[in-house]
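Chemist: See entry01.txt below, with compact mmCIF, C-alpha atoms.
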# COMPACT_ATOMS: atom_id res chain seq x y z
CA MET A 1 0.00 0.00 0.00
CA ALA A 2 1.63 3.21 -1.16
CA GLY A 3 -0.94 5.85 -0.16
CA ARG A 4 -2.12 7.03 3.23
CA VAL A 5 -4.31 4.46 4.96
CA LEU A 6 -7.50 5.62 6.68
CA ASP A 7 -10.32 3.74 8.35
CA ALA A 8 -13.57 5.42 7.35
CA GLY A 9 -15.38 4.99 10.65
CA LEU A 10 -12.38 5.86 12.79
CA HIS A 11 -10.89 8.73 10.80
CA LEU A 12 -13.82 10.27 8.88
CA LEU A 13 -17.27 9.58 10.35
CA ASP A 14 -18.55 12.21 12.77
CA ARG A 15 -15.57 14.52 12.09
CA GLN A 16 -16.26 18.25 12.02
CA LEU A 17 -16.35 19.96 8.60
CA VAL A 18 -14.61 23.36 8.54
CA ASP A 19 -15.04 25.71 5.57
CA LYS A 20 -12.30 27.87 3.96
CA ASP A 21 -13.01 30.71 6.39
CA GLY A 22 -12.78 28.52 9.49
CA ARG A 23 -16.56 28.32 9.97
CA LEU A 24 -18.15 25.08 11.17
CA ALA A 25 -20.06 23.46 8.30
CA GLY A 26 -21.63 20.30 9.73
CA LYS A 27 -20.27 16.81 10.35
CA VAL A 28 -19.49 13.75 8.25
CA ASP A 29 -22.58 11.54 8.60
CA ASP A 30 -21.94 9.13 5.72
CA LEU A 31 -19.79 8.69 2.60
CA GLU A 32 -20.78 8.17 -1.02
CA LEU A 33 -18.87 5.28 -2.63
CA THR A 34 -18.84 4.99 -6.41
CA PHE A 35 -17.76 2.07 -8.60
CA PRO A 36 -15.49 3.38 -11.41
CA GLU A 37 -16.89 2.96 -14.92
CA GLY A 38 -13.88 0.94 -16.02
CA GLY A 39 -14.23 -1.48 -13.09
CA GLY A 40 -12.14 -1.83 -9.95
CA PRO A 41 -12.79 -1.06 -6.28
CA PRO A 42 -15.17 1.74 -5.21
CA GLN A 43 -13.82 5.25 -4.65
CA VAL A 44 -15.02 7.83 -2.11
CA THR A 45 -16.73 10.53 -4.21
CA ALA A 46 -18.62 12.63 -1.65
CA ILE A 47 -19.28 13.35 2.00
CA LEU A 48 -22.95 13.14 3.00
CA ALA A 49 -24.03 15.36 5.86
CA GLY A 50 -27.12 16.40 7.77
CA PRO A 51 -30.12 14.57 9.20
CA GLY A 52 -30.97 12.97 5.84
CA ALA A 53 -27.64 11.13 5.87
CA LEU A 54 -27.50 10.43 9.59
CA SER A 55 -30.96 8.83 9.62
CA ARG A 56 -29.82 5.82 7.59
CA ARG A 57 -26.92 5.17 9.97
CA LEU A 58 -29.23 5.35 12.97
CA GLY A 59 -31.82 3.06 11.37
CA GLY A 60 -35.03 1.87 13.05
CA ARG A 61 -38.03 4.01 13.84
CA PHE A 62 -36.01 6.98 15.06
CA GLY A 63 -33.97 6.99 11.83
CA ALA A 64 -37.14 6.87 9.72
CA TRP A 65 -38.66 9.70 11.75
CA LEU A 66 -35.52 11.83 11.41
CA GLU A 67 -35.43 11.27 7.63
CA ALA A 68 -39.11 12.25 7.35
CA VAL A 69 -38.48 15.46 9.30
CA ALA A 70 -35.40 16.27 7.20
CA ASN A 71 -37.38 15.74 3.98
CA ARG A 72 -40.26 17.87 5.27
CA LEU A 73 -37.87 20.73 6.05
CA ARG A 74 -36.51 20.79 2.50
CA ASP A 75 -38.11 22.35 -0.52
CA GLY A 76 -40.11 20.38 -3.08
CA ASP A 77 -39.23 16.82 -3.91
CA ASP A 78 -35.59 17.20 -2.93
CA ASP A 79 -35.15 14.16 -0.67
CA HIS A 80 -31.44 13.40 -0.96
CA PRO A 81 -28.97 14.18 1.83
CA ALA A 82 -26.65 17.15 1.54
CA ARG A 83 -23.75 16.10 -0.68
CA ILE A 84 -20.25 17.59 -0.50
CA PRO A 85 -18.07 16.47 -3.45
CA PHE A 86 -14.78 15.05 -2.24
CA ALA A 87 -12.98 17.38 -4.69
CA VAL A 88 -13.53 20.27 -2.22
CA VAL A 89 -11.83 18.41 0.65
CA LYS A 90 -8.47 20.04 1.35
CA GLN A 91 -7.16 18.06 4.28
CA ILE A 92 -8.19 15.28 6.67
CA GLY A 93 -7.01 15.74 10.22
CA SER A 94 -8.84 15.99 13.54
CA ALA A 95 -11.32 17.99 11.41
CA ILE A 96 -12.04 17.92 7.68
CA ASP A 97 -10.89 21.18 6.05
CA LEU A 98 -12.79 22.28 2.93
CA SER A 99 -11.65 24.62 0.16
CA VAL A 100 -15.04 26.35 -0.27
CA ALA A 101 -17.25 28.66 1.81
CA LYS A 102 -20.06 27.22 3.91
CA ALA A 103 -22.69 29.13 1.91
CA GLU A 104 -21.69 27.20 -1.23
CA LEU A 105 -22.42 23.84 0.39
CA GLU A 106 -25.67 21.90 0.27
CA THR A 107 -25.42 21.49 4.05
CA ASP A 108 -26.24 25.19 4.31
CA ARG A 109 -29.69 24.65 2.70
CA LEU A 110 -31.42 23.21 5.76
CA GLU A 111 -29.93 25.87 8.04
CA ALA A 112 -30.99 28.66 5.64
CA TRP A 113 -34.50 27.20 5.27
CA THR A 114 -34.91 26.95 9.06
CA ARG A 115 -33.66 30.53 9.49
CA ASP A 116 -35.96 31.97 6.80
CA HIS A 117 -39.12 29.95 7.45
CA LEU A 118 -39.07 29.26 11.20
CA ILE A 119 -36.65 31.40 13.20
CA GLY A 120 -37.27 34.52 11.09
CA HIS A 121 -40.97 34.49 11.98
CA LEU A 122 -40.47 34.42 15.76
CA PRO A 123 -41.28 37.69 17.54
CA GLY A 124 -38.07 39.67 18.01
CA ALA A 125 -36.08 37.54 15.55
CA ARG A 126 -35.09 40.61 13.53
CA ASP A 127 -33.82 42.47 16.61
CA ALA A 128 -30.76 40.26 17.06
CA PRO A 129 -27.44 41.99 16.29
CA GLU A 130 -25.49 40.77 13.24
CA MET B 1 -23.49 2.87 -2.53
CA ARG B 2 -23.02 4.45 0.85
CA LEU B 3 -20.59 3.63 3.64
CA SER B 4 -23.61 2.92 5.84
CA ASP B 5 -24.61 0.10 3.43
CA LEU B 6 -21.43 -1.72 4.48
CA LEU B 7 -21.03 -0.84 8.17
CA GLY B 8 -22.80 -3.37 10.37
CA ALA B 9 -23.47 -5.82 7.53
CA GLU B 10 -22.86 -9.52 8.26
CA VAL B 11 -19.98 -11.07 6.30
CA VAL B 12 -20.52 -14.66 5.13
CA ASP B 13 -17.87 -16.92 3.57
CA GLN B 14 -18.39 -19.32 0.67
CA ALA B 15 -19.27 -22.12 3.10
CA GLY B 16 -22.06 -19.99 4.54
CA ARG B 17 -20.26 -19.34 7.83
CA SER B 18 -20.44 -15.89 9.41
CA ALA B 19 -17.21 -13.97 10.03
CA GLY B 20 -19.08 -11.36 12.06
CA ARG B 21 -20.06 -7.85 11.06
CA VAL B 22 -18.28 -4.99 9.31
CA HIS B 23 -16.85 -2.71 12.00
CA ASP B 24 -14.94 -0.39 9.70
CA VAL B 25 -13.99 0.14 6.07
CA ARG B 26 -10.34 0.65 5.14
CA LEU B 27 -9.47 3.32 2.55
CA VAL B 28 -6.16 3.94 0.81
CA GLN B 29 -5.32 7.30 -0.77
CA ASP B 30 -3.98 6.02 -4.08
CA GLY B 31 -7.05 6.34 -6.32
CA PRO B 32 -7.51 8.63 -9.34
CA LEU B 33 -6.83 12.35 -8.72
CA ILE B 34 -9.86 14.13 -7.27
CA GLY B 35 -9.85 17.96 -7.25
CA GLY B 36 -7.66 19.71 -4.71
CA PHE B 37 -7.45 16.65 -2.46
CA GLY B 38 -4.95 14.84 -4.68
CA ALA B 39 -5.18 11.07 -5.04
CA GLY B 40 -8.67 9.83 -4.20
CA LEU B 41 -9.60 7.34 -1.48
CA ARG B 42 -9.94 3.78 -2.75
CA LEU B 43 -11.87 1.15 -0.78
CA ASP B 44 -9.22 -1.43 0.16
CA GLY B 45 -11.12 -3.78 2.45
CA LEU B 46 -13.39 -4.45 5.40
CA ILE B 47 -12.48 -4.82 9.08
CA VAL B 48 -14.74 -7.56 10.37
CA GLY B 49 -15.35 -9.06 13.79
CA ARG B 50 -17.92 -10.63 16.06
CA ARG B 51 -17.71 -8.04 18.82
CA ALA B 52 -18.28 -4.35 18.24
CA VAL B 53 -17.28 -2.80 21.58
CA GLY B 54 -14.27 -0.53 21.13
CA ALA B 55 -13.89 -1.03 17.38
CA ARG B 56 -14.57 2.66 16.67
CA LEU B 57 -12.03 3.59 19.37
CA GLY B 58 -9.28 2.02 17.32
CA TYR B 59 -8.56 -0.87 19.69
CA GLU B 60 -9.14 -3.42 16.96
CA ARG B 61 -5.74 -2.56 15.48
CA ARG B 62 -2.84 -4.43 17.01
CA ASP B 63 -0.54 -1.43 17.43
CA MET B 64 -3.06 0.77 19.23
CA GLY B 65 -1.59 2.35 22.35
CA GLY B 66 -3.53 3.75 25.26
CA PRO B 67 -4.36 2.72 28.81
CA LEU B 68 -3.08 -0.82 29.42
CA LEU B 69 -6.25 -2.12 31.05
CA VAL B 70 -8.43 -0.81 28.23
CA LYS B 71 -6.01 -2.24 25.67
CA LEU B 72 -6.01 -5.67 27.32
CA ALA B 73 -9.80 -5.71 27.58
CA ALA B 74 -10.19 -4.58 23.97
CA GLY B 75 -7.59 -7.14 22.83
CA TRP B 76 -9.62 -9.90 24.46
CA LEU B 77 -12.83 -8.59 22.93
CA HIS B 78 -11.30 -8.33 19.44
CA HIS B 79 -9.13 -11.43 19.20
CA ASP B 80 -11.44 -12.59 16.39
CA GLY B 81 -10.98 -9.42 14.24
CA ARG B 82 -10.33 -10.22 10.56
CA TYR B 83 -9.55 -8.30 7.38
CA VAL B 84 -11.43 -8.89 4.12
CA ALA B 85 -9.59 -7.50 1.08
CA TRP B 86 -12.10 -5.90 -1.30
CA ASP B 87 -11.27 -8.31 -4.15
CA ARG B 88 -12.73 -11.13 -2.03
CA VAL B 89 -16.16 -9.48 -1.95
CA ARG B 90 -18.51 -11.38 -4.27
CA ALA B 91 -21.98 -9.93 -3.58
CA ILE B 92 -23.47 -7.15 -1.48
CA GLU B 93 -27.02 -7.65 -0.27
CA PRO B 94 -28.92 -5.54 2.25
CA ASP B 95 -27.23 -6.25 5.61
CA ARG B 96 -25.18 -9.17 4.20
CA ILE B 97 -21.91 -9.41 2.26
CA HIS B 98 -20.78 -12.64 0.59
CA ILE B 99 -17.03 -13.26 0.22
CA SER B 100 -14.91 -15.85 -1.53
CA GLY B 101 -12.81 -18.32 0.44
CA LEU B 102 -13.18 -19.31 4.06
CA ILE B 103 -13.06 -17.40 7.36
CA SER B 104 -9.93 -19.32 8.30
CA ASP B 105 -8.09 -17.72 5.34
CA LEU B 106 -8.75 -14.16 6.55
CA PRO B 107 -5.76 -12.30 8.06
CA GLU B 108 -5.87 -10.01 11.08
CA PRO B 109 -6.26 -6.27 10.32
CA GLU B 110 -2.99 -4.39 9.85
CA PRO B 111 -2.54 -1.05 11.63
CA SER B 112 -4.08 1.82 9.67
CA GLN B 113 -1.70 4.73 10.39
Written as structure tokens, how would this file's structure read?
Modeler:
Amino acid sequence: MAGRVLDAGLHLLDRQLVDKDGRLAGKVDDLELTFPEGGGPPQVTAILAGPGALSRRLGGRFGAWLEAVANRLRDGDDDHPARIPFAVVKQIGSAIDLSVAKAELETDRLEAWTRDHLIGHLPGARDAPE
Amino acid sequence: MRLSDLLGAEVVDQAGRSAGRVHDVRLVQDGPLIGGFGAGLRLDGLIVGRRAVGARLGYERRDMGGPLLVKLAAGWLHHDGRYVAWDRVRAIEPDRIHISGLISDLPEPEPSQ
């Protein structure tokens, strides 16, 4: 084995994602594995994050409930978990450093939706300082 | 396919005997180049065992340091840990993975880092 050796569960799952500006951008809840077109072993092609990805790992009734809530909180028929292409991963350490801003990630969708549709409608929500 | 499709799945050899469940999935960074990350992560194999306690703490690897008592307890719990190279995987079904060969042919997991 010539390359760096990592164990997915030990070194990747549940690690913090940090965007290019040092902002927290969610956690690694699952990985997308893709079989190359020309054959050979699967490659890691994306990090999956958010409740839609975590629900499958949890399984059972709680997992199903969490997935239903995550789907309800997203727009339209968009029912896939937030996907972060592995091409934007810069470094894997105690956290996963990304080369893009948090706002460019799909993980930001649920947070933005919750802010605009739920938190923003609470009395006094617009009084908070920036 | 997702990582979660593999984790926890039962591994069965060609004689139909169970080698336990997938506790972790080993990746090696020598795949095709992928954006700014460099070489991509290739799935190399599965770390399999009958007992799950401590596997995610790293105590399934032989060279793991740490408190002696915890290490001894984890060593006893994981004496049956085995490594399944990916080229031995024959079929992936929901919650079950079929491999070629027999459980007795499977080596112990090598240290990861």
Chemist: Just need the residues of chain A within 7 Å of chain B, counting all atoms listed in the file, so spit them out as a list in words.
Modeler: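 Those within range of chain B come out as Ala2, Gly3, Arg4, Val5, Leu6, Asp7, Ala8, Gly9, Leu10, Asp30, Leu31, Glu32, Leu33, Thr34, Pro41, Pro42, Gln43, Val44, Arg57, Ala87, Val88, Val89, Lys90 and Gln91 of chain A.
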Chemist: Using all atoms listed in the file, can you tell me which of B:Val89, B:Val22, B:Ala9, B:Leu68 comes closest to B:Leu102?
Modeler: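 Comparing B:Val89, B:Val22, B:Ala9, B:Leu68 against B:Leu102, the winner is B:Val89.
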Chemist: So what do you get for atom CA of A:Asp21 versus atom CA of A:Asp127, distance-wise?
Modeler: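 Pair atom CA of A:Asp21 / atom CA of A:Asp127 returns 26.0 Å.
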Chemist: Could you tell me how far atom CA of A:Asp116 lies from atom CA of A:Gly26, in Å and to one decimal?
Modeler: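 The value is 18.7 Å.
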Chemist: Could you please give me, as a list in words, the residues of protein, DNA or RNA lying at most 10 Å from (-18.8, 28.9, 3.4) in the coordinate frame of the file, considering only C-alpha atoms?
Modeler: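 Collected hits near the coordinates: Val18, Asp19, Lys20, Asp21, Gly22, Arg23, Leu24, Ala25, Leu98, Ser99, Val100, Ala101, Lys102, Ala103, Glu104, Leu105, Thr107 and Asp108 of chain A.
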Chemist: What separation in Å, quoted to one decimal, exists between atom CA of A:Glu106 and atom CA of A:Leu66?
Modeler: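 A separation of 18.0 Å between them.
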Chemist: Given the choices A:Gly40, A:Gly124, A:Phe35, A:Lys27, which gets closest to A:Leu54 if the distance is worked out from all atoms listed in the file?
Modeler: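 Closest to A:Leu54, using all atoms listed in the file: A:Lys27.
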Chemist: Name the closest residue to B:Ile92 among the candidates B:Leu69, B:Leu6, B:Ala19, B:Val48; distances are taken between atoms, counting only C-alpha atoms.
Modeler: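 Under the stated criterion, the closest residue is B:Leu6.
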Chemist: Give me the residues near B:Gly20 as a ChimeraX atom specification, where near means some atom within 8 Å (using only C-alpha atoms) and where sequence neighbours in that chain fewer than 3 positions away do not count.
Modeler: /B:10-12,48-51
Chemist: Hey, could you pull the box centre and edge lengths for stretch 86-98 of chain A, axis-aligned, 4 Å padding per side, all listed atoms, to one decimal in Å, as lines of an AutoDock Vina configuration file?
Modeler:
center_x = -10.9
center_y = 18.7
center_z = 4.4
size_x = 15.8
size_y = 15.2
size_z = 26.2
